[in-house]
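Asks: Take a look at structure28.cif, mmCIF, C-alpha atoms:
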data_upload
#
loop_
_atom_site.group_PDB
_atom_site.id
_atom_site.type_symbol
_atom_site.label_atom_id
_atom_site.label_comp_id
_atom_site.auth_asym_id
_atom_site.auth_seq_id
_atom_site.Cartn_x
_atom_site.Cartn_y
_atom_site.Cartn_z
ATOM 1 C CA MET A 1 98.926 126.331 1.455
ATOM 2 C CA GLU A 2 98.102 124.701 4.764
ATOM 3 C CA GLU A 3 100.909 122.877 6.540
ATOM 4 C CA LYS A 4 98.943 119.600 6.592
ATOM 5 C CA GLU A 5 98.504 119.755 2.834
ATOM 6 C CA PHE A 6 102.187 120.555 2.357
ATOM 7 C CA ILE A 7 103.200 117.613 4.559
ATOM 8 C CA LEU A 8 100.951 115.310 2.495
ATOM 9 C CA GLN A 9 102.701 116.553 -0.639
ATOM 10 C CA LEU A 10 106.068 115.816 0.966
ATOM 11 C CA LEU A 11 104.952 112.285 1.814
ATOM 12 C CA ASN A 12 103.403 111.519 -1.572
ATOM 13 C CA PRO A 13 106.076 110.091 -3.944
ATOM 14 C CA LYS A 14 104.407 111.832 -6.898
ATOM 15 C CA THR A 15 104.559 115.324 -5.371
ATOM 16 C CA GLN A 16 107.512 114.787 -3.021
ATOM 17 C CA ASN A 17 110.209 116.229 -5.251
ATOM 18 C CA ASN A 18 108.438 119.523 -5.937
ATOM 19 C CA ALA A 19 107.404 119.890 -2.307
ATOM 20 C CA PHE A 20 110.968 119.216 -1.158
ATOM 21 C CA GLN A 21 112.301 121.862 -3.547
ATOM 22 C CA LYS A 22 109.901 124.352 -1.971
ATOM 23 C CA LEU A 23 110.989 123.326 1.508
ATOM 24 C CA LEU A 24 114.610 123.724 0.456
ATOM 25 C CA SER A 25 114.049 127.189 -0.970
ATOM 26 C CA ASP A 26 112.100 128.337 2.134
ATOM 27 C CA TYR A 27 114.450 126.935 4.728
ATOM 28 C CA LYS A 28 118.012 126.968 3.341
ATOM 29 C CA ARG A 29 118.790 130.592 4.272
ATOM 30 C CA PRO A 30 117.321 130.754 7.781
ATOM 31 C CA LEU A 31 118.678 127.271 8.584
ATOM 32 C CA TYR A 32 122.133 128.188 7.303
ATOM 33 C CA TYR A 33 122.326 131.177 9.663
ATOM 34 C CA HIS A 34 120.900 129.134 12.530
ATOM 35 C CA ILE A 35 123.617 126.524 12.008
ATOM 36 C CA ARG A 36 126.342 129.090 11.326
ATOM 37 C CA ASN A 37 125.540 130.849 14.613
ATOM 38 C CA ILE A 38 126.302 127.587 16.397
ATOM 39 C CA VAL A 39 129.268 126.178 14.451
ATOM 40 C CA LEU A 40 130.664 129.617 13.431
ATOM 41 C CA ASP A 41 132.739 128.459 10.442
ATOM 42 C CA HIS A 42 131.230 128.662 6.926
ATOM 43 C CA ASP A 43 132.529 125.307 5.655
ATOM 44 C CA ASP A 44 131.302 123.554 8.783
ATOM 45 C CA ALA A 45 127.917 125.268 8.452
ATOM 46 C CA ASN A 46 127.717 124.066 4.858
ATOM 47 C CA ASP A 47 128.408 120.448 5.911
ATOM 48 C CA VAL A 48 125.868 120.575 8.720
ATOM 49 C CA LEU A 49 123.248 122.212 6.490
ATOM 50 C CA GLN A 50 123.670 119.413 3.938
ATOM 51 C CA ASN A 51 123.416 116.752 6.621
ATOM 52 C CA THR A 52 120.319 118.437 7.998
ATOM 53 C CA PHE A 53 118.478 118.435 4.670
ATOM 54 C CA ILE A 54 119.561 114.873 3.921
ATOM 55 C CA LYS A 55 118.200 113.782 7.330
ATOM 56 C CA VAL A 56 114.987 115.706 6.741
ATOM 57 C CA TYR A 57 114.557 114.056 3.316
ATOM 58 C CA GLN A 58 115.333 110.570 4.576
ATOM 59 C CA ASN A 59 113.047 110.880 7.600
ATOM 60 C CA LEU A 60 110.045 112.576 6.013
ATOM 61 C CA ASN A 61 108.003 109.384 6.369
ATOM 62 C CA LYS A 62 108.775 109.348 10.102
ATOM 63 C CA PHE A 63 107.438 112.863 10.618
ATOM 64 C CA LYS A 64 104.120 112.325 12.356
ATOM 65 C CA GLY A 65 102.956 115.917 12.373
ATOM 66 C CA GLU A 66 102.872 116.034 16.180
ATOM 67 C CA SER A 67 104.899 119.235 16.086
ATOM 68 C CA LYS A 68 105.129 121.872 13.385
ATOM 69 C CA LEU A 69 107.313 121.064 10.394
ATOM 70 C CA TYR A 70 109.323 124.208 11.181
ATOM 71 C CA SER A 71 110.086 123.022 14.731
ATOM 72 C CA TRP A 72 110.970 119.516 13.534
ATOM 73 C CA ILE A 73 113.431 120.813 10.932
ATOM 74 C CA TYR A 74 114.986 123.298 13.371
ATOM 75 C CA ARG A 75 115.316 120.562 15.978
ATOM 76 C CA ILE A 76 117.224 118.393 13.498
ATOM 77 C CA ALA A 77 119.452 121.340 12.517
ATOM 78 C CA THR A 78 120.164 122.243 16.163
ATOM 79 C CA ASN A 79 121.001 118.649 17.110
ATOM 80 C CA GLU A 80 123.204 118.224 14.044
ATOM 81 C CA SER A 81 125.078 121.460 14.836
ATOM 82 C CA ILE A 82 125.650 120.578 18.489
ATOM 83 C CA THR A 83 126.757 117.033 17.605
ATOM 84 C CA PHE A 84 129.111 118.415 14.946
ATOM 85 C CA ILE A 85 130.776 120.965 17.234
ATOM 86 C CA ASN A 86 131.146 118.376 20.022
ATOM 87 C CA LYS A 87 132.792 115.917 17.640
ATOM 88 C CA LYS A 88 135.112 118.591 16.279
ATOM 89 C CA ALA A 89 136.069 119.624 19.807
ATOM 90 C CA LYS A 90 136.738 116.030 20.786
ATOM 91 C CA LEU A 91 139.001 115.581 17.780
ATOM 92 C CA SER A 92 140.976 118.690 18.676
ATOM 93 C CA GLY A 93 141.234 117.580 22.309
ATOM 94 C CA ALA A 94 139.324 120.568 23.683
ATOM 95 C CA SER A 95 135.858 121.261 25.082
ATOM 96 C CA SER A 96 133.244 122.682 22.711
ATOM 97 C CA SER A 97 133.294 126.067 24.503
ATOM 98 C CA GLU A 98 137.105 126.198 24.270
ATOM 99 C CA LEU A 99 136.913 125.390 20.570
ATOM 100 C CA LYS A 100 134.258 128.055 19.924
ATOM 101 C CA SER A 101 136.236 130.691 21.816
ATOM 102 C CA LYS A 102 139.231 129.831 19.662
ATOM 103 C CA ILE A 103 137.168 130.204 16.481
ATOM 104 C CA VAL A 104 135.753 133.536 17.699
ATOM 105 C CA ASP A 105 139.275 134.790 18.437
ATOM 106 C CA ASN A 106 140.184 134.033 14.810
ATOM 107 C CA LEU A 107 137.003 135.495 13.298
ATOM 108 C CA ARG A 108 138.825 138.556 12.025
ATOM 109 C CA ALA A 109 140.746 136.322 9.625
ATOM 110 C CA ASP A 110 137.551 134.575 8.441
ATOM 111 C CA SER A 111 136.736 135.550 4.824
ATOM 112 C CA TYR A 112 133.044 135.146 5.486
ATOM 113 C CA PHE A 113 132.810 137.412 8.527
ATOM 114 C CA GLU A 114 132.195 141.113 8.002
ATOM 115 C CA GLY A 115 134.794 142.015 10.547
ATOM 116 C CA ASN A 116 133.038 144.980 12.134
ATOM 117 C CA GLU A 117 134.427 145.804 15.613
ATOM 118 C CA ILE A 118 131.067 145.807 17.364
ATOM 119 C CA GLN A 119 130.094 142.509 15.731
ATOM 120 C CA LEU A 120 133.335 140.952 16.847
ATOM 121 C CA LYS A 121 132.846 142.314 20.358
ATOM 122 C CA LEU A 122 129.324 140.890 20.479
ATOM 123 C CA GLN A 123 130.488 137.453 19.288
ATOM 124 C CA LYS A 124 133.213 137.416 21.927
ATOM 125 C CA ALA A 125 130.721 138.421 24.622
ATOM 126 C CA ILE A 126 128.225 135.749 23.583
ATOM 127 C CA HIS A 127 130.850 133.036 23.835
ATOM 128 C CA THR A 128 131.545 133.784 27.471
ATOM 129 C CA LEU A 129 128.008 132.634 28.314
ATOM 130 C CA PRO A 130 126.969 129.089 29.285
ATOM 131 C CA GLU A 131 126.115 126.941 26.214
ATOM 132 C CA LYS A 132 122.337 127.019 26.656
ATOM 133 C CA GLN A 133 122.268 130.780 27.209
ATOM 134 C CA GLN A 134 124.372 131.262 24.072
ATOM 135 C CA LEU A 135 121.911 129.243 22.027
ATOM 136 C CA VAL A 136 118.852 131.028 23.430
ATOM 137 C CA PHE A 137 120.444 134.434 22.886
ATOM 138 C CA LYS A 138 121.429 133.690 19.271
ATOM 139 C CA MET A 139 118.022 132.237 18.404
ATOM 140 C CA ARG A 140 116.163 135.153 19.958
ATOM 141 C CA TYR A 141 118.413 138.067 19.081
ATOM 142 C CA PHE A 142 119.841 137.171 15.650
ATOM 143 C CA GLU A 143 117.132 134.869 14.312
ATOM 144 C CA GLU A 144 114.155 136.453 16.105
ATOM 145 C CA ILE A 145 112.549 133.088 16.839
ATOM 146 C CA LYS A 146 109.478 133.342 19.085
ATOM 147 C CA TYR A 147 109.758 131.865 22.573
ATOM 148 C CA GLU A 148 106.874 129.460 21.843
ATOM 149 C CA GLU A 149 108.615 128.108 18.762
ATOM 150 C CA MET A 150 111.971 128.018 20.534
ATOM 151 C CA SER A 151 110.294 126.013 23.291
ATOM 152 C CA THR A 152 109.234 123.264 20.850
ATOM 153 C CA ILE A 153 112.654 123.231 19.193
ATOM 154 C CA LEU A 154 114.712 123.069 22.374
ATOM 155 C CA GLY A 155 112.219 121.274 24.584
ATOM 156 C CA THR A 156 112.478 123.982 27.274
ATOM 157 C CA SER A 157 109.572 125.891 28.815
ATOM 158 C CA VAL A 158 108.816 129.406 27.585
ATOM 159 C CA GLY A 159 109.399 130.783 31.079
ATOM 160 C CA ALA A 160 112.842 129.213 31.330
ATOM 161 C CA LEU A 161 113.758 130.518 27.875
ATOM 162 C CA LYS A 162 112.679 134.067 28.752
ATOM 163 C CA ALA A 163 114.691 133.968 31.944
ATOM 164 C CA SER A 164 117.687 132.596 30.091
ATOM 165 C CA TYR A 165 117.509 135.311 27.432
ATOM 166 C CA HIS A 166 117.202 138.159 29.921
ATOM 167 C CA LEU A 167 120.157 136.834 31.879
ATOM 168 C CA ALA A 168 122.180 136.579 28.669
ATOM 169 C CA VAL A 169 121.312 140.148 27.621
ATOM 170 C CA LYS A 170 122.284 141.445 31.018
ATOM 171 C CA LYS A 171 125.715 139.785 30.910
ATOM 172 C CA ILE A 172 126.360 140.844 27.311
ATOM 173 C CA LYS A 173 125.477 144.470 28.052
ATOM 174 C CA ILE A 174 128.022 144.515 30.824
ATOM 175 C CA LEU A 175 130.720 142.917 28.669
ATOM 176 C CA ILE A 176 130.136 145.222 25.703
ATOM 177 C CA THR A 177 130.045 148.455 27.683
ATOM 178 C CA LYS A 178 133.014 147.430 29.851
ATOM 179 C CA ASP A 179 135.764 148.513 27.412
ATOM 180 C CA MET B 1 120.607 149.118 25.537
ATOM 181 C CA LYS B 2 119.304 149.819 22.027
ATOM 182 C CA GLU B 3 121.244 147.058 20.225
ATOM 183 C CA PHE B 4 119.272 144.210 21.834
ATOM 184 C CA LYS B 5 115.793 145.365 20.877
ATOM 185 C CA LYS B 6 113.896 143.387 18.262
ATOM 186 C CA ASN B 7 113.305 145.030 14.848
ATOM 187 C CA ASP B 8 115.726 147.804 15.696
ATOM 188 C CA GLU B 9 117.523 149.346 12.732
ATOM 189 C CA ASN B 10 120.669 149.698 14.829
ATOM 190 C CA LYS B 11 120.580 146.058 15.834
ATOM 191 C CA ILE B 12 123.938 144.320 15.543
ATOM 192 C CA THR B 13 123.902 141.500 13.033
ATOM 193 C CA SER B 14 125.896 138.303 13.485
ATOM 194 C CA GLY B 15 128.433 139.466 10.867
ATOM 195 C CA PHE B 16 128.402 136.107 9.108
ATOM 196 C CA THR B 17 128.352 136.143 5.323
ATOM 197 C CA THR B 18 128.460 133.506 2.585
ATOM 198 C CA PRO B 19 130.364 133.191 -0.718
ATOM 199 C CA GLU B 20 128.592 134.718 -3.715
ATOM 200 C CA GLY B 21 125.928 132.438 -5.207
ATOM 201 C CA TYR B 22 126.320 130.045 -2.277
ATOM 202 C CA PHE B 23 122.617 129.268 -1.778
ATOM 203 C CA GLU B 24 122.002 128.603 -5.479
ATOM 204 C CA GLN B 25 125.023 126.299 -5.584
ATOM 205 C CA PHE B 26 123.881 124.624 -2.377
ATOM 206 C CA THR B 27 120.568 123.606 -3.976
ATOM 207 C CA VAL B 28 122.366 122.113 -6.983
ATOM 208 C CA GLU B 29 124.817 120.168 -4.797
ATOM 209 C CA LEU B 30 122.165 118.881 -2.421
ATOM 210 C CA ASN B 31 119.904 117.707 -5.247
ATOM 211 C CA SER B 32 122.741 115.790 -6.842
ATOM 212 C CA LYS B 33 123.617 114.227 -3.464
ATOM 213 C CA LEU B 34 120.053 113.140 -2.814
ATOM 214 C CA LYS B 35 119.900 111.325 -6.165
ATOM 215 C CA LEU B 36 122.705 109.014 -5.017
ATOM 216 C CA PRO B 37 121.611 105.486 -4.081
ATOM 217 C CA LYS B 38 120.742 105.375 -0.430
ATOM 218 C CA THR B 39 121.503 101.705 0.062
ATOM 219 C CA GLU B 40 124.681 101.059 1.954
ATOM 220 C CA VAL B 41 127.308 98.705 0.597
ATOM 221 C CA LYS B 42 127.299 95.573 2.738
ATOM 222 C CA VAL B 43 130.700 94.696 4.133
ATOM 223 C CA VAL B 44 131.337 90.948 3.894
ATOM 224 C CA SER B 45 133.982 89.727 6.320
ATOM 225 C CA ILE B 46 136.882 87.635 4.970
ATOM 226 C CA LYS B 47 135.696 84.689 7.095
ATOM 227 C CA THR B 48 132.238 84.751 5.521
ATOM 228 C CA LYS B 49 133.812 85.251 2.107
ATOM 229 C CA ARG B 50 135.981 82.137 2.596
ATOM 230 C CA TRP B 51 132.944 80.083 3.618
ATOM 231 C CA LEU B 52 130.989 81.339 0.624
ATOM 232 C CA THR B 53 133.884 80.495 -1.719
ATOM 233 C CA SER B 54 134.166 76.950 -0.290
ATOM 234 C CA ILE B 55 130.416 76.359 -0.630
ATOM 235 C CA ALA B 56 130.498 77.698 -4.190
ATOM 236 C CA ALA B 57 133.444 75.406 -5.077
ATOM 237 C CA LEU B 58 131.635 72.370 -3.624
ATOM 238 C CA LEU B 59 128.517 73.201 -5.589
ATOM 239 C CA VAL B 60 130.520 73.514 -8.816
ATOM 240 C CA VAL B 61 132.163 70.092 -8.226
ATOM 241 C CA ALA B 62 128.826 68.417 -7.391
ATOM 242 C CA LEU B 63 127.160 69.907 -10.444
ATOM 243 C CA SER B 64 130.050 68.930 -12.730
ATOM 244 C CA VAL B 65 130.003 65.290 -11.525
ATOM 245 C CA SER B 66 126.252 64.901 -11.993
ATOM 246 C CA LEU B 67 126.389 66.635 -15.374
ATOM 247 C CA TYR B 68 129.280 64.423 -16.560
ATOM 248 C CA SER B 69 127.608 61.170 -15.499
ATOM 249 C CA LYS B 70 124.405 62.297 -17.229
ATOM 250 C CA MET B 71 126.346 63.020 -20.410
ATOM 251 C CA VAL B 72 128.089 59.616 -20.363
ATOM 252 C CA LEU B 73 124.760 57.840 -19.765
ATOM 253 C CA SER B 74 123.019 59.689 -22.547
ATOM 254 C CA HIS B 75 125.969 58.911 -24.901
ATOM 255 C CA SER B 76 125.807 55.154 -24.234
ATOM 256 C CA GLU B 77 122.004 55.300 -24.571
ATOM 257 C CA GLU B 78 122.474 56.986 -27.905
ATOM 258 C CA ASN B 79 124.869 54.225 -29.131
ATOM 259 C CA SER B 80 122.583 51.372 -28.116
ATOM 260 C CA THR B 81 119.622 53.137 -29.745
ATOM 261 C CA THR B 82 121.577 53.330 -33.032
ATOM 262 C CA GLU B 83 122.574 49.675 -32.809
ATOM 263 C CA ASN B 84 119.004 48.621 -32.097
ATOM 264 C CA TYR B 85 117.832 50.704 -34.992
ATOM 265 C CA ILE B 86 120.239 49.017 -37.420
ATOM 266 C CA THR B 87 119.469 45.460 -36.270
ATOM 267 C CA ASN B 88 115.718 45.939 -36.217
ATOM 268 C CA HIS B 89 115.409 47.583 -39.599
ATOM 269 C CA SER B 90 115.562 44.853 -42.240
ATOM 270 C CA GLU B 91 115.585 47.284 -45.145
ATOM 271 C CA ILE B 92 119.217 48.095 -44.376
ATOM 272 C CA SER B 93 121.128 45.302 -46.078
ATOM 273 C CA GLN B 94 124.821 44.451 -45.839
ATOM 274 C CA TYR B 95 125.177 45.888 -49.371
ATOM 275 C CA ASP B 96 123.875 49.205 -48.125
ATOM 276 C CA LEU B 97 126.545 49.113 -45.446
ATOM 277 C CA ILE B 98 129.253 48.141 -47.968
ATOM 278 C CA THR B 99 128.416 51.118 -50.156
ATOM 279 C CA LEU B 100 128.814 53.386 -47.156
ATOM 280 C CA LEU B 101 132.270 52.015 -46.294
ATOM 281 C CA ASP B 102 135.335 52.890 -48.336
ATOM 282 C CA THR B 103 138.516 50.747 -48.605
ATOM 283 C CA LYS B 104 140.162 52.569 -45.698
ATOM 284 C CA ASP B 105 137.210 51.758 -43.436
ATOM 285 C CA ILE B 106 137.366 48.093 -44.479
ATOM 286 C CA GLU B 107 141.112 47.962 -43.764
ATOM 287 C CA ASN B 108 140.503 49.496 -40.363
ATOM 288 C CA LEU B 109 137.824 46.941 -39.602
ATOM 289 C CA GLY B 110 140.251 44.145 -40.586
ATOM 290 C CA MET B 111 142.895 45.598 -38.251
ATOM 291 C CA GLU B 112 140.369 45.738 -35.421
ATOM 292 C CA LEU B 113 139.248 42.152 -35.993
ATOM 293 C CA ASN B 114 142.864 40.936 -36.378
ATOM 294 C CA THR B 115 141.757 37.591 -37.717
ATOM 295 C CA SER B 116 144.301 34.914 -38.609
ATOM 296 C CA ASN B 117 143.726 32.060 -41.106
ATOM 297 C CA THR B 118 143.787 29.367 -38.398
ATOM 298 C CA LYS B 119 141.125 31.155 -36.418
ATOM 299 C CA ILE B 120 138.920 31.321 -39.528
ATOM 300 C CA ASP B 121 139.408 27.554 -40.196
ATOM 301 C CA GLU B 122 138.450 26.794 -36.579
ATOM 302 C CA GLU B 123 135.345 28.932 -36.918
ATOM 303 C CA PHE B 124 134.343 27.088 -40.126
ATOM 304 C CA ALA B 125 134.840 23.706 -38.503
ATOM 305 C CA ASN B 126 132.724 24.519 -35.435
ATOM 306 C CA THR B 127 129.832 26.327 -37.131
ATOM 307 C CA ASN B 128 127.235 24.327 -39.040
ATOM 308 C CA GLU B 129 125.359 27.233 -40.577
ATOM 309 C CA ILE B 130 128.519 28.732 -42.069
ATOM 310 C CA GLU B 131 127.638 27.511 -45.509
ATOM 311 C CA ASN B 132 124.603 29.745 -45.565
ATOM 312 C CA TYR B 133 126.775 32.777 -44.907
ATOM 313 C CA ILE B 134 129.248 31.787 -47.656
ATOM 314 C CA THR B 135 126.546 31.249 -50.258
ATOM 315 C CA GLU B 136 125.068 34.628 -49.474
#
Have the structure of the file written as structure tokens, please.

Replies:
Amino acid sequence: MEEKEFILQLLNPKTQNNAFQKLLSDYKRPLYYHIRNIVLDHDDANDVLQNTFIKVYQNLNKFKGESKLYSWIYRIATNESITFINKKAKLSGASSSELKSKIVDNLRADSYFEGNEIQLKLQKAIHTLPEKQQLVFKMRYFEEIKYEEMSTILGTSVGALKASYHLAVKKIKILITKD
Amino acid sequence: MKEFKKNDENKITSGFTTPEGYFEQFTVELNSKLKLPKTEVKVVSIKTKRWLTSIAALLVVALSVSLYSKMVLSHSEENSTTENYITNHSEISQYDLITLLDTKDIENLGMELNTSNTKIDEEFANTNEIENYITE
């Protein structure tokens, strides 16, 4: 089905419910991992994922089709995740990077983290990077999102994203091979 | 370094997992949440509430007064209509009225009139047509 046709189904009250169920089934897994990579904790990821889909549902009539549906949904999810982590950090009286480092340090105790040494090492290395580089690295490396798509989601040029990713990889390689 | 290449079998995953059946449960929960009414409950401040209560009370008083006066007016209208009906309808004779009244009613009427013998004598003396009434 063409995206335009699918969007029309989402906007039509008669077909909206079925179309939204399809959207939910297509997007819930990739969006969950996208959000989880940012907020790190499962319960927080669950809250943000719910908020994301509720926002998508409530704003379907505002979607003008200027960008791809995929980019629009990912943009909402990214903004929701960043807003959530900033709010949580503010409540705990720390910066968002301090909060994330703290969560990463406690990952071993997280029931929903596999706990592999190399995975833990990678997570720790990622969270030493600047915020934007972290996001670009996670979206490219874990989620395998194309630079063009990432560009529409984050509103950054493809060139800048490529540069950011290569810088991130370089730093992570050093950190992982250091010990 | 091998780990950072796309589509590599040895690629390091994020390590994040979910509880069993999480995504199925998520769909159920989200659908039930989306069926909730979206309208927000309007918060009415105490000040506004007080004003609204006062206006409502005033309206109740105004309505009650107008309703009461209307009722009283319609009641008096009803009485006069009955009286007019009785006086204007010749077929109702005093005998008809007598048959409708029992002794208790007549006693009550006498109490209401409270007529003394002297007053009756005075009335006879001053009224010329009284004889007609007596003969009837």

Asks: Select all residues from chain B having any atom no more than 7 Å from an atom of chain A (counting all atoms listed in the file, ignoring ligands), output as a CSV table (one decimal) with C-alpha atoms, in the coordinates of the input.

Replies:
chain,number,residue,atom,x,y,z
B,4,PHE,CA,119.3,144.2,21.8
B,12,ILE,CA,123.9,144.3,15.5
B,13,THR,CA,123.9,141.5,13.0
B,14,SER,CA,125.9,138.3,13.5
B,15,GLY,CA,128.4,139.5,10.9
B,16,PHE,CA,128.4,136.1,9.1
B,17,THR,CA,128.4,136.1,5.3
B,18,THR,CA,128.5,133.5,2.6
B,30,LEU,CA,122.2,118.9,-2.4
B,34,LEU,CA,120.1,113.1,-2.8

Asks: As JSON, please report the centre and edge lengths, rounded to one decimal in Å, of the axis-aligned box that holds all listed atoms of segment 128-146 of chain A with 6 Å of padding on each of the six sides.

Replies:
{"center_x": 120.5, "center_y": 132.5, "center_z": 21.8, "size_x": 34.1, "size_y": 23.1, "size_z": 27.0}

Asks: Expanded to explicit residues, what is the PyMOL selection byres ((chain A and resi 162) around 12) for this file, as a VMD selection string?

Replies: chain A and resid 133 136 to 137 139 to 141 145 to 148 150 to 151 156 to 161 163 to 169

Asks: How many Å lie between atom CA of Asn31 of chain B and atom CA of Glu66 of chain A, rounded to one decimal?

Replies: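 These two atoms are separated by 27.4 Å.
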
Asks: Tell me, in Å to one decimal, how far atom CA of Ser101 of chain A is from atom CA of Asp47 of chain A.

Replies: 20.5 Å

Asks: In Å, rounded to a single decimal, give me how far atom CA of Leu11 of chain A is from atom CA of Phe63 of chain A.

Replies: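 Going from atom CA of Phe63 of chain A over to atom CA of Leu11 of chain A, I get 9.2 Å.
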
Asks: Could you list, as a JSON list (two decimals) with C-alpha atoms, in the frame of the given file, every residue matched by the PyMOL selection byres ((chain A and resi 95-100) around 9) in this structure?

Replies:
[["chain", "number", "residue", "atom", "x", "y", "z"],
["A", 38, "ILE", "CA", 126.30, 127.59, 16.40],
["A", 39, "VAL", "CA", 129.27, 126.18, 14.45],
["A", 40, "LEU", "CA", 130.66, 129.62, 13.43],
["A", 82, "ILE", "CA", 125.65, 120.58, 18.49],
["A", 85, "ILE", "CA", 130.78, 120.96, 17.23],
["A", 86, "ASN", "CA", 131.15, 118.38, 20.02],
["A", 87, "LYS", "CA", 132.79, 115.92, 17.64],
["A", 88, "LYS", "CA", 135.11, 118.59, 16.28],
["A", 89, "ALA", "CA", 136.07, 119.62, 19.81],
["A", 90, "LYS", "CA", 136.74, 116.03, 20.79],
["A", 92, "SER", "CA", 140.98, 118.69, 18.68],
["A", 93, "GLY", "CA", 141.23, 117.58, 22.31],
["A", 94, "ALA", "CA", 139.32, 120.57, 23.68],
["A", 101, "SER", "CA", 136.24, 130.69, 21.82],
["A", 102, "LYS", "CA", 139.23, 129.83, 19.66],
["A", 103, "ILE", "CA", 137.17, 130.20, 16.48],
["A", 104, "VAL", "CA", 135.75, 133.54, 17.70],
["A", 105, "ASP", "CA", 139.28, 134.79, 18.44],
["A", 127, "HIS", "CA", 130.85, 133.04, 23.84],
["A", 128, "THR", "CA", 131.54, 133.78, 27.47],
["A", 130, "PRO", "CA", 126.97, 129.09, 29.28],
["A", 131, "GLU", "CA", 126.12, 126.94, 26.21]]

Asks: Got a sec to check which residues sit within 8 Å of (136.3, 140.8, 24.5), counting all atoms listed in the file, and write them as number ranges by chain?

Replies: A: 121, 124-125, 175-176

Asks: If we draw a sphere of 8 Å around (121.4, 120.7, 12.4), which residues have at least one atom in it when counting all atoms listed in the file? Please report them as a PyMOL selection string.

Replies: chain A and resi 35+48-49+51-52+74-82

Asks: Model the absent atoms of segment 70-85 of chain A so that N, CA and C atoms are present, and write the result as a PDB file, in the coordinates of the input.

Replies:
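part_31.pdb, freshly written:
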ATOM      1  N   TYR A  70     108.278 123.225  10.876  1.00  0.00           N
ATOM      2  CA  TYR A  70     109.323 124.208  11.181  1.00  0.00           C
ATOM      3  C   TYR A  70     110.127 123.776  12.410  1.00  0.00           C
ATOM      4  N   SER A  71     109.412 123.419  13.487  1.00  0.00           N
ATOM      5  CA  SER A  71     110.086 123.022  14.731  1.00  0.00           C
ATOM      6  C   SER A  71     110.886 121.747  14.526  1.00  0.00           C
ATOM      7  N   TRP A  72     110.306 120.802  13.782  1.00  0.00           N
ATOM      8  CA  TRP A  72     110.970 119.516  13.534  1.00  0.00           C
ATOM      9  C   TRP A  72     112.288 119.730  12.778  1.00  0.00           C
ATOM     10  N   ILE A  73     112.232 120.558  11.740  1.00  0.00           N
ATOM     11  CA  ILE A  73     113.431 120.813  10.932  1.00  0.00           C
ATOM     12  C   ILE A  73     114.483 121.560  11.764  1.00  0.00           C
ATOM     13  N   TYR A  74     114.049 122.547  12.531  1.00  0.00           N
ATOM     14  CA  TYR A  74     114.986 123.298  13.371  1.00  0.00           C
ATOM     15  C   TYR A  74     115.600 122.415  14.457  1.00  0.00           C
ATOM     16  N   ARG A  75     114.800 121.474  14.946  1.00  0.00           N
ATOM     17  CA  ARG A  75     115.316 120.562  15.978  1.00  0.00           C
ATOM     18  C   ARG A  75     116.423 119.690  15.381  1.00  0.00           C
ATOM     19  N   ILE A  76     116.196 119.211  14.176  1.00  0.00           N
ATOM     20  CA  ILE A  76     117.224 118.393  13.498  1.00  0.00           C
ATOM     21  C   ILE A  76     118.492 119.232  13.283  1.00  0.00           C
ATOM     22  N   ALA A  77     118.306 120.458  12.785  1.00  0.00           N
ATOM     23  CA  ALA A  77     119.452 121.340  12.517  1.00  0.00           C
ATOM     24  C   ALA A  77     120.232 121.649  13.792  1.00  0.00           C
ATOM     25  N   THR A  78     119.504 121.921  14.881  1.00  0.00           N
ATOM     26  CA  THR A  78     120.164 122.243  16.163  1.00  0.00           C
ATOM     27  C   THR A  78     120.954 121.044  16.667  1.00  0.00           C
ATOM     28  N   ASN A  79     120.318 119.866  16.640  1.00  0.00           N
ATOM     29  CA  ASN A  79     121.001 118.649  17.110  1.00  0.00           C
ATOM     30  C   ASN A  79     122.223 118.332  16.257  1.00  0.00           C
ATOM     31  N   GLU A  80     122.076 118.490  14.952  1.00  0.00           N
ATOM     32  CA  GLU A  80     123.204 118.224  14.044  1.00  0.00           C
ATOM     33  C   GLU A  80     124.361 119.181  14.337  1.00  0.00           C
ATOM     34  N   SER A  81     124.048 120.449  14.568  1.00  0.00           N
ATOM     35  CA  SER A  81     125.078 121.460  14.836  1.00  0.00           C
ATOM     36  C   SER A  81     125.813 121.169  16.136  1.00  0.00           C
ATOM     37  N   ILE A  82     125.034 120.844  17.175  1.00  0.00           N
ATOM     38  CA  ILE A  82     125.650 120.578  18.489  1.00  0.00           C
ATOM     39  C   ILE A  82     126.516 119.313  18.412  1.00  0.00           C
ATOM     40  N   THR A  83     125.990 118.285  17.756  1.00  0.00           N
ATOM     41  CA  THR A  83     126.757 117.033  17.605  1.00  0.00           C
ATOM     42  C   THR A  83     128.048 117.304  16.831  1.00  0.00           C
ATOM     43  N   PHE A  84     127.941 118.111  15.784  1.00  0.00           N
ATOM     44  CA  PHE A  84     129.111 118.415  14.946  1.00  0.00           C
ATOM     45  C   PHE A  84     130.190 119.124  15.757  1.00  0.00           C
ATOM     46  N   ILE A  85     129.790 120.166  16.488  1.00  0.00           N
ATOM     47  CA  ILE A  85     130.776 120.965  17.234  1.00  0.00           C
ATOM     48  C   ILE A  85     131.399 120.133  18.360  1.00  0.00           C
TER      49      ILE A  85
END
